[in-house]
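The structure file upload_18.cif is reproduced below (mmCIF, C-alpha atoms).
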data_protein
loop_
_atom_site.label_atom_id
_atom_site.label_comp_id
_atom_site.auth_asym_id
_atom_site.auth_seq_id
_atom_site.Cartn_x
_atom_site.Cartn_y
_atom_site.Cartn_z
CA MET A 1 32.19 -133.84 5.76
CA SER A 2 35.44 -134.86 4.33
CA PRO A 3 36.99 -138.09 5.35
CA ARG A 4 39.86 -136.21 6.84
CA SER A 5 37.59 -134.96 9.52
CA SER A 6 37.92 -138.05 11.40
CA ASP A 7 41.67 -137.61 11.18
CA PRO A 8 43.48 -136.11 14.03
CA GLN A 9 43.42 -132.41 13.95
CA PRO A 10 46.50 -130.96 12.30
CA PRO A 11 48.13 -128.08 14.00
CA PRO A 12 46.80 -124.68 13.03
CA PRO A 13 48.80 -123.06 10.33
CA ASP A 14 51.09 -120.24 11.24
CA PRO A 15 50.05 -116.77 10.21
CA ASN A 16 51.78 -115.75 7.07
CA ILE A 17 51.93 -112.75 4.81
CA TRP A 18 48.51 -113.36 3.35
CA VAL A 19 46.89 -113.20 6.75
CA GLY A 20 48.64 -109.90 7.32
CA LEU A 21 47.32 -108.63 4.03
CA LEU A 22 43.83 -109.69 5.04
CA PHE A 23 44.18 -107.76 8.31
CA ALA A 24 45.47 -104.79 6.43
CA ALA A 25 42.52 -105.01 4.06
CA PHE A 26 40.18 -105.25 7.05
CA ALA A 27 41.78 -102.23 8.65
CA ALA A 28 41.42 -100.30 5.41
CA LEU A 29 37.73 -101.19 5.18
CA VAL A 30 37.14 -100.12 8.78
CA THR A 31 38.95 -96.84 8.20
CA GLY A 32 36.91 -96.20 5.08
CA CYS A 33 33.71 -96.90 6.92
CA VAL A 34 34.74 -94.46 9.69
CA PHE A 35 35.34 -91.76 7.07
CA LEU A 36 31.91 -92.43 5.56
CA VAL A 37 30.22 -92.26 8.96
CA LEU A 38 31.96 -89.00 9.72
CA GLU A 39 30.89 -87.63 6.35
CA LEU A 40 27.31 -88.76 6.84
CA SER A 41 27.27 -87.27 10.33
CA ARG A 42 27.68 -83.87 8.71
CA TYR A 43 24.25 -84.27 7.09
CA GLY A 44 22.54 -85.38 10.27
CA TRP A 45 22.74 -89.03 9.56
CA THR A 46 22.18 -91.39 12.51
CA ALA A 47 22.31 -95.16 12.69
CA ALA A 48 18.94 -96.89 12.38
CA GLY A 49 17.40 -97.41 15.84
CA GLY A 50 20.05 -95.19 17.30
CA MET B 51 46.90 -121.43 -0.34
CA HIS B 52 45.57 -121.53 -3.72
CA PHE B 53 46.79 -119.02 -6.23
CA VAL B 54 43.28 -117.71 -6.77
CA GLY B 55 42.95 -117.10 -3.02
CA LYS B 56 46.11 -115.13 -3.08
CA VAL B 57 44.94 -113.07 -6.04
CA LEU B 58 41.62 -112.39 -4.31
CA ILE B 59 43.43 -111.36 -1.12
CA VAL B 60 45.55 -108.93 -3.08
CA VAL B 61 42.49 -107.63 -4.94
CA GLN B 62 40.62 -107.27 -1.67
CA LEU B 63 43.52 -105.37 -0.20
CA VAL B 64 43.77 -103.08 -3.15
CA LEU B 65 40.04 -102.37 -3.21
CA SER B 66 39.99 -101.81 0.55
CA VAL B 67 42.82 -99.35 0.29
CA CYS B 68 41.07 -97.58 -2.58
CA PHE B 69 37.85 -97.47 -0.58
CA MET B 70 39.70 -96.02 2.40
CA ALA B 71 41.42 -93.45 0.24
CA PHE B 72 38.23 -92.48 -1.53
CA ALA B 73 36.33 -92.16 1.78
CA GLY B 74 39.15 -90.10 3.31
CA ALA B 75 39.31 -87.86 0.28
CA VAL B 76 35.59 -87.34 0.39
CA TYR B 77 35.75 -86.56 4.10
CA ALA B 78 38.71 -84.22 3.71
CA VAL B 79 37.99 -82.43 0.46
CA LYS B 80 34.32 -82.63 -0.37
CA GLU B 81 32.23 -79.49 0.31
CA ASN B 82 29.50 -79.65 2.96
CA TRP B 83 26.45 -79.37 0.79
CA ARG B 84 24.11 -79.13 3.79
CA GLN B 85 26.02 -76.18 5.16
CA ALA B 86 26.04 -74.69 1.69
CA HIS B 87 22.34 -75.37 1.42
CA ALA B 88 21.70 -73.69 4.73
CA THR B 89 23.85 -70.74 3.76
CA LEU B 90 22.16 -70.47 0.42
CA SER B 91 18.76 -70.88 2.01
CA GLU B 92 19.54 -68.12 4.47
CA SER B 93 20.85 -66.02 1.66
CA HIS B 94 17.78 -66.80 -0.37
CA GLN B 95 15.54 -65.90 2.53
CA ARG B 96 17.43 -62.69 3.12
CA LEU B 97 17.31 -61.87 -0.55
CA GLY B 98 13.61 -62.67 -0.52
CA GLN B 99 13.10 -60.26 2.37
CA GLU B 100 15.20 -57.69 0.60
CA LYS B 101 13.17 -58.34 -2.50
CA GLN B 102 9.96 -57.80 -0.55
CA THR B 103 11.40 -54.69 1.01
CA LEU B 104 12.50 -53.46 -2.37
CA GLU B 105 9.15 -54.35 -3.85
CA GLN B 106 7.45 -52.47 -1.02
CA GLU B 107 9.74 -49.56 -1.56
CA TYR B 108 9.13 -49.84 -5.26
CA GLU B 109 5.41 -49.89 -4.60
CA ASN B 110 5.68 -46.93 -2.28
CA ALA B 111 7.85 -45.12 -4.76
CA LYS B 112 5.44 -46.06 -7.51
CA ASN B 113 2.50 -44.78 -5.48
CA LYS B 114 4.41 -41.68 -4.55
CA SER B 115 5.41 -41.19 -8.15
CA ALA B 116 1.80 -41.69 -9.16
CA GLN B 117 0.73 -39.15 -6.57
CA ASP B 118 3.49 -36.80 -7.68
CA LEU B 119 2.49 -37.38 -11.25
CA GLN B 120 -1.12 -36.69 -10.38
CA THR B 121 -0.08 -33.60 -8.45
CA ALA B 122 2.15 -32.52 -11.31
CA GLN B 123 -0.65 -33.13 -13.75
CA ASN B 124 -3.01 -31.12 -11.58
CA GLU B 125 -0.39 -28.41 -11.25
CA ALA B 126 0.16 -28.55 -14.99
CA ALA B 127 -3.57 -28.25 -15.56
CA ARG B 128 -3.71 -25.33 -13.13
CA LEU B 129 -0.71 -23.71 -14.75
CA GLN B 130 -2.27 -24.36 -18.12
CA ALA B 131 -5.40 -22.60 -16.93
CA GLU B 132 -3.28 -19.77 -15.52
CA LEU B 133 -1.37 -19.65 -18.78
CA LYS B 134 -4.65 -19.38 -20.62
CA THR B 135 -5.73 -16.63 -18.24
CA GLU B 136 -2.39 -14.87 -18.60
CA GLN B 137 -2.60 -15.20 -22.35
CA ASP B 138 -6.04 -13.64 -22.19
CA LYS B 139 -4.61 -10.89 -20.03
CA VAL B 140 -1.72 -10.45 -22.43
CA GLN B 141 -4.20 -10.23 -25.24
CA THR B 142 -6.24 -7.68 -23.32
CA LEU B 143 -3.13 -5.73 -22.38
CA THR B 144 -1.92 -5.86 -25.95
CA THR B 145 -5.21 -4.40 -27.05
CA GLN B 146 -4.95 -1.77 -24.34
CA LEU B 147 -1.33 -1.10 -25.32
CA GLN B 148 -2.38 -0.52 -28.89
CA ALA B 149 -5.10 1.81 -27.70
CA VAL B 150 -2.65 3.59 -25.42
CA ARG B 151 -0.15 3.90 -28.24
CA ALA B 152 -2.81 5.38 -30.45
CA GLU B 153 -3.74 7.74 -27.61
CA ARG B 154 -0.05 8.51 -27.12
CA GLU B 155 0.32 9.38 -30.78
CA LYS B 156 -2.70 11.62 -30.48
CA LEU B 157 -1.31 13.23 -27.33
CA LEU B 158 2.06 13.71 -29.01
CA ALA B 159 0.31 15.51 -31.82
CA TYR B 160 -1.56 17.60 -29.24
CA SER B 161 1.74 18.17 -27.45
CA ASP B 162 3.35 19.48 -30.64
CA ILE B 163 0.40 21.76 -31.16
CA ASN B 164 0.60 22.90 -27.55
CA ASP B 165 4.34 23.48 -27.89
CA ARG B 166 3.80 25.70 -30.86
CA GLU B 167 0.97 27.46 -29.08
CA ALA B 168 3.17 27.85 -26.01
CA LYS B 169 5.93 29.39 -28.10
CA GLU B 170 3.46 31.77 -29.66
CA ARG B 171 2.02 32.58 -26.27
CA ARG B 172 5.51 33.07 -24.85
CA ALA B 173 6.35 35.51 -27.61
CA GLU B 174 3.03 37.23 -27.07
CA ALA B 175 3.68 37.26 -23.33
CA LEU B 176 7.05 38.91 -23.91
CA GLU B 177 5.40 41.54 -26.06
CA GLN B 178 2.67 41.99 -23.47
CA ARG B 179 5.33 42.22 -20.77
CA GLU B 180 7.06 45.02 -22.63
CA ILE B 181 3.73 46.73 -23.10
CA ASN B 182 2.96 46.09 -19.44
CA LEU B 183 6.28 47.58 -18.39
CA ALA B 184 5.55 50.68 -20.47
CA LEU B 185 2.04 50.84 -19.02
CA HIS B 186 3.46 50.41 -15.52
CA ALA B 187 5.88 53.23 -16.10
CA ASP B 188 3.04 55.36 -17.43
CA ARG B 189 0.85 54.31 -14.51
CA ASP B 190 3.60 55.17 -12.02
CA ALA B 191 4.07 58.55 -13.63
CA LYS B 192 0.34 59.18 -13.59
CA ARG B 193 0.09 57.93 -10.04
CA LEU B 194 2.86 60.32 -9.04
CA LYS B 195 1.03 63.08 -10.82
CA ILE B 196 -2.21 62.07 -9.10
CA THR B 197 -0.42 62.12 -5.78
CA GLU B 198 0.89 65.58 -6.50
CA LEU B 199 -2.58 66.66 -7.58
CA GLU B 200 -4.06 65.11 -4.44
CA ASP B 201 -1.50 66.95 -2.35
CA ASN B 202 -2.38 70.14 -4.12
CA LEU B 203 -6.07 69.36 -3.69
CA PHE B 204 -5.50 68.72 0.00
CA GLU B 205 -3.65 71.97 0.35
CA GLN B 206 -6.39 73.73 -1.58
CA GLN B 207 -8.99 72.13 0.67
CA ILE B 208 -7.07 73.31 3.71
CA GLN B 209 -6.87 76.75 2.19
CA ILE B 210 -10.58 76.62 1.42
CA ALA B 211 -11.30 75.59 5.01
CA LYS B 212 -9.16 78.42 6.29
CA MET B 213 -10.85 80.81 3.88
CA GLU B 214 -14.26 79.62 5.00
CA GLN B 215 -13.31 80.10 8.63
CA LYS B 216 -11.96 83.48 7.76
CA GLN B 217 -15.08 84.30 5.80
CA ASP B 218 -17.26 83.35 8.74
CA ARG B 219 -15.16 85.42 11.05
CA VAL B 220 -15.21 88.32 8.59
CA LEU B 221 -18.95 88.08 8.12
CA THR B 222 -19.42 88.03 11.88
CA GLU B 223 -17.13 91.03 12.23
CA LEU B 224 -18.94 92.72 9.33
CA ALA B 225 -22.25 92.28 11.09
CA LEU B 226 -20.76 93.63 14.29
CA TRP B 227 -19.22 96.58 12.46
CA ARG B 228 -22.49 97.35 10.74
CA LYS B 229 -24.20 97.19 14.11
CA ALA B 230 -21.50 99.42 15.60
CA ALA B 231 -21.84 101.82 12.66
CA ARG B 232 -25.56 102.12 13.20
CA PHE B 233 -24.99 102.78 16.89
CA THR B 234 -22.37 105.45 16.12
CA GLY B 235 -24.48 107.11 13.43
CA LEU B 236 -22.20 106.10 10.52
CA ASP B 237 -23.51 104.95 7.22
CA PRO B 238 -23.03 101.16 7.10
CA ASP B 239 -23.05 101.12 3.31
CA PRO B 240 -19.44 100.39 2.25
CA ARG B 241 -19.95 102.02 -1.14
CA GLN B 242 -19.85 105.36 0.60
CA TYR B 243 -16.14 104.70 1.41
CA VAL B 244 -14.94 103.58 -2.00
CA GLY B 245 -11.76 105.37 -3.00
CA ARG B 246 -10.85 106.37 0.52
CA GLN B 247 -7.74 105.09 2.26
CA ASP B 248 -8.59 102.62 4.98
CA PRO B 249 -7.15 103.44 8.36
CA PRO B 250 -4.67 100.80 9.44
CA PRO B 251 -5.90 98.30 11.95
CA GLN B 252 -4.33 97.85 15.36
CA VAL B 253 -1.55 95.36 14.57
CA TYR B 254 1.69 94.46 16.28
CA GLY B 255 4.72 92.92 14.64
CA LYS B 256 8.48 92.72 14.55
CA ILE B 257 11.26 93.68 12.24
CA VAL B 258 12.48 90.43 10.64
CA ASN B 259 14.96 91.89 8.16
CA THR B 260 16.59 95.16 7.20
CA ARG B 261 18.31 96.30 4.05
CA GLY B 262 19.99 99.52 2.93
CA GLY B 263 21.57 102.32 4.83
CA GLN B 264 24.86 101.91 3.00
CA GLY B 265 24.90 104.52 0.29
CA ARG B 266 21.30 104.02 -0.71
CA ASP B 267 18.67 106.64 -0.72
CA GLU B 268 16.02 104.58 1.09
CA ASP B 269 16.13 101.97 3.84
CA TYR B 270 13.81 98.98 3.67
CA VAL B 271 12.68 96.72 6.47
CA GLU B 272 10.65 93.52 6.44
CA ILE B 273 8.01 93.01 9.11
CA SER B 274 6.17 89.97 10.38
CA VAL B 275 2.62 91.17 9.55
CA GLY B 276 0.93 91.25 6.15
CA SER B 277 -2.30 91.61 4.28
CA ASP B 278 -3.99 88.93 6.39
CA ASP B 279 -3.58 91.24 9.36
CA GLY B 280 -5.35 94.10 7.52
CA LEU B 281 -2.37 96.06 6.23
CA GLU B 282 -2.52 97.79 2.89
CA LYS B 283 -0.02 99.60 0.80
CA GLY B 284 0.47 103.17 2.12
CA HIS B 285 -0.23 102.34 5.76
CA GLU B 286 2.31 103.77 8.14
CA LEU B 287 3.65 101.92 11.16
CA TYR B 288 5.71 103.09 14.12
CA VAL B 289 8.96 101.39 15.06
CA TYR B 290 9.88 101.18 18.75
CA ARG B 291 12.19 99.18 20.94
CA THR B 292 11.26 97.77 24.32
CA GLY B 293 13.65 97.38 27.20
CA ASP B 294 14.20 99.12 30.49
CA ARG B 295 12.40 102.02 28.92
CA GLY B 296 10.56 102.25 25.60
CA GLN B 297 12.38 103.97 22.72
CA TYR B 298 10.92 105.38 19.53
CA MET B 299 13.02 104.28 16.54
CA GLY B 300 11.17 105.75 13.54
CA LYS B 301 8.32 105.30 11.08
CA ILE B 302 7.88 103.15 7.98
CA ARG B 303 5.38 103.06 5.09
CA VAL B 304 4.20 99.78 3.60
CA VAL B 305 5.22 99.40 -0.06
CA TYR B 306 4.89 95.66 -0.63
CA LEU B 307 2.53 93.06 0.86
CA THR B 308 2.18 89.33 1.12
CA ALA B 309 -0.23 87.33 3.26
CA ASP B 310 1.97 87.30 6.35
CA ARG B 311 4.86 89.59 5.44
CA ALA B 312 5.21 93.20 4.42
CA VAL B 313 8.06 95.44 3.30
CA GLY B 314 8.18 99.03 4.33
CA VAL B 315 10.39 101.96 3.51
CA VAL B 316 11.73 104.01 6.40
CA THR B 317 10.18 107.45 6.25
CA SER B 318 11.67 108.82 9.47
CA LYS B 319 14.49 107.74 11.72
CA SER B 320 15.24 108.39 15.31
CA LYS B 321 18.48 110.13 15.96
CA THR B 322 19.17 107.94 18.94
CA GLY B 323 19.52 104.60 17.19
CA GLN B 324 19.39 102.41 14.08
CA ILE B 325 16.38 100.21 13.28
CA GLN B 326 17.43 96.61 13.89
CA VAL B 327 16.00 93.15 13.51
CA GLY B 328 13.80 92.39 16.50
CA ASP B 329 12.42 95.92 16.94
CA ASN B 330 8.64 96.16 17.34
CA VAL B 331 6.22 97.73 14.87
CA THR B 332 2.64 98.87 15.44
CA THR B 333 0.06 101.05 13.74
CA GLN B 334 -0.91 102.91 16.92
CA LEU B 335 1.37 103.90 19.77
#
Represent the structure from my file as structure tokens, please.
Amino acid sequence: MSPRSSDPQPPPPDPNIWVGLLFAAFAALVTGCVFLVLELSRYGWTAAGG
Amino acid sequence: MHFVGKVLIVVQLVLSVCFMAFAGAVYAVKENWRQAHATLSESHQRLGQEKQTLEQEYENAKNKSAQDLQTAQNEAARLQAELKTEQDKVQTLTTQLQAVRAEREKLLAYSDINDREAKERRAEALEQREINLALHADRDAKRLKITELEDNLFEQQIQIAKMEQKQDRVLTELALWRKAARFTGLDPDPRQYVGRQDPPPQVYGKIVNTRGGQGRDEDYVEISVGSDDGLEKGHELYVYRTGDRGQYMGKIRVVYLTADRAVGVVTSKSKTGQIQVGDNVTTQL
């Protein structure tokens, strides 16, 4: 634990461009996963336990 | 933010985008291998069935071809046997043909001989026909002569029959006359009367022809009785005409005789008429 933990909590940083890029990267990963699932569904793939 | 964090964020973003693009491309473009597998499997199964069918058909065709081949071989063997038989027949017929040809040559030679013989016989037949025609003509002439001779013979036989009848009648009359002569006291021997004129018998006839009276010295008449009736040359006959009343026409003397005719010369004439055809004559009035 850093010593600044005992300091009063600073205000959360404002979202900036990098956060937006992270969201965009997340959205791209989700979209890619959806495409993979759709492709696997063509071969009769089902989720484990599903 | 640290510079490295920024670089990692950018790298993460780039890789995420690449992952999304790659996944989308795979989803959009990539061929469905399962579907292709199913299609190919179905095609393989169908081709396998077709292969089995074709193999069955091939087997059937093979069996049928084998049967046909066997049948053809049997037929070929049969035809071979028939060919052998036909060849034997041909051989036999060839032998027979040669024999027939030899026989034909022989018959042709006989035919030539027969032709020559026929020509000779024809010529001989023509000669015989001419001789036959001459013999026929001679036979016809002789047959005609035989017919004439038979006619003459028949006439002679008739004459002989008549003569025999006449002879019988004469012999009967001769017997009666001899009997009558004995009853009347006359000599029945005819030699006692040789050289004496016989009295005319009782005959009746007619004048059938007259000639003369026109500047001739003697008149002749022909009468319908002759030697068969008993007349002789020198006998005298009276001429008379019948009618309402009998008329004496004259007297004639026989000068010529045949069997049934006689010619007489008029020795006396009646002054009341001329002797004509149809007047009666008799030896006794």
(request) Identify every residue of chain B that has at least one atom within 6 Å of any atom of chain A, counting only C-alpha atoms, and report the result as a ChimeraX atom specification. (result) /B:63,66-67,69-70,73-74,77
(message) Just to confirm, what's the straight-line distance from atom CA of Lys192 of chain B to atom CA of Arg172 of chain B in Å (one decimal)?
(response) 28.9 Å
(request) Spell out the residues picked by the PyMOL selection byres ((chain B and resi 313) around 8) here, as a PyMOL selection string. (result) chain B and resi 270-273+304-307+311-312+314-315
(request) Check the smallest atom-to-atom distance from each of B:Asn113, B:Asp118, B:Asp138, B:Gly328 to Thr260 of chain B using all atoms listed in the file, then report the winner. (result)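 Closest residue, counting all atoms listed in the file: B:Gly328.
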(message) For a test of reading the model, state the distance in Å between atom CA of Ser318 of chain B and atom CA of Lys301 of chain B, rounded to one decimal.
(response)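 Separation of atom CA of Ser318 of chain B and atom CA of Lys301 of chain B: 5.1 Å.
The space separating atom CA of Gln209 of chain B from atom CA of Asp278 of chain B comes to 13.2 Å.
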(message) Could you check the closest approach to Asn82 of chain B for each of A:Ser41, A:Thr46, A:Ile17, A:Gln9 and tell me which residue wins, using all atoms listed in the file?
(response)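 Once distances to Asn82 of chain B are computed over all atoms listed in the file, the minimum belongs to A:Ser41.
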(request) Using only C-alpha atoms, find the one residue out of B:Ile210, B:Leu185, B:Gln334, B:Tyr290 that sits nearest to Pro250 of chain B. (result)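 Distance minimum relative to Pro250 of chain B lands on B:Gln334.
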Name the residues that the PyMOL selection byres ((chain B and resi 275) around 8) picks from the file above, as an mmCIF file with C-alpha atoms, keeping the file's coordinate frame, using the file's chain letters and numbers.
data_model
loop_
_atom_site.group_PDB
_atom_site.id
_atom_site.type_symbol
_atom_site.label_atom_id
_atom_site.label_comp_id
_atom_site.auth_asym_id
_atom_site.auth_seq_id
_atom_site.Cartn_x
_atom_site.Cartn_y
_atom_site.Cartn_z
ATOM 1 C CA VAL B 253 -1.550 95.360 14.570
ATOM 2 C CA TYR B 254 1.690 94.460 16.280
ATOM 3 C CA GLY B 255 4.720 92.920 14.640
ATOM 4 C CA LYS B 256 8.480 92.720 14.550
ATOM 5 C CA ILE B 273 8.010 93.010 9.110
ATOM 6 C CA SER B 274 6.170 89.970 10.380
ATOM 7 C CA GLY B 276 0.930 91.250 6.150
ATOM 8 C CA SER B 277 -2.300 91.610 4.280
ATOM 9 C CA ASP B 278 -3.990 88.930 6.390
ATOM 10 C CA ASP B 279 -3.580 91.240 9.360
ATOM 11 C CA LEU B 281 -2.370 96.060 6.230
ATOM 12 C CA ALA B 309 -0.230 87.330 3.260
ATOM 13 C CA ASP B 310 1.970 87.300 6.350
ATOM 14 C CA ARG B 311 4.860 89.590 5.440
ATOM 15 C CA ALA B 312 5.210 93.200 4.420
#
Report the centre and edge lengths, in Å to one decimal, of an axis-aligned box enclosing every atom of segment 218-231 of chain B listed in the file, padded by 6 Å on each side, as lines of an AutoDock Vina configuration file.
center_x = -19.7
center_y = 92.6
center_z = 11.9
size_x = 21.0
size_y = 30.5
size_z = 19.5
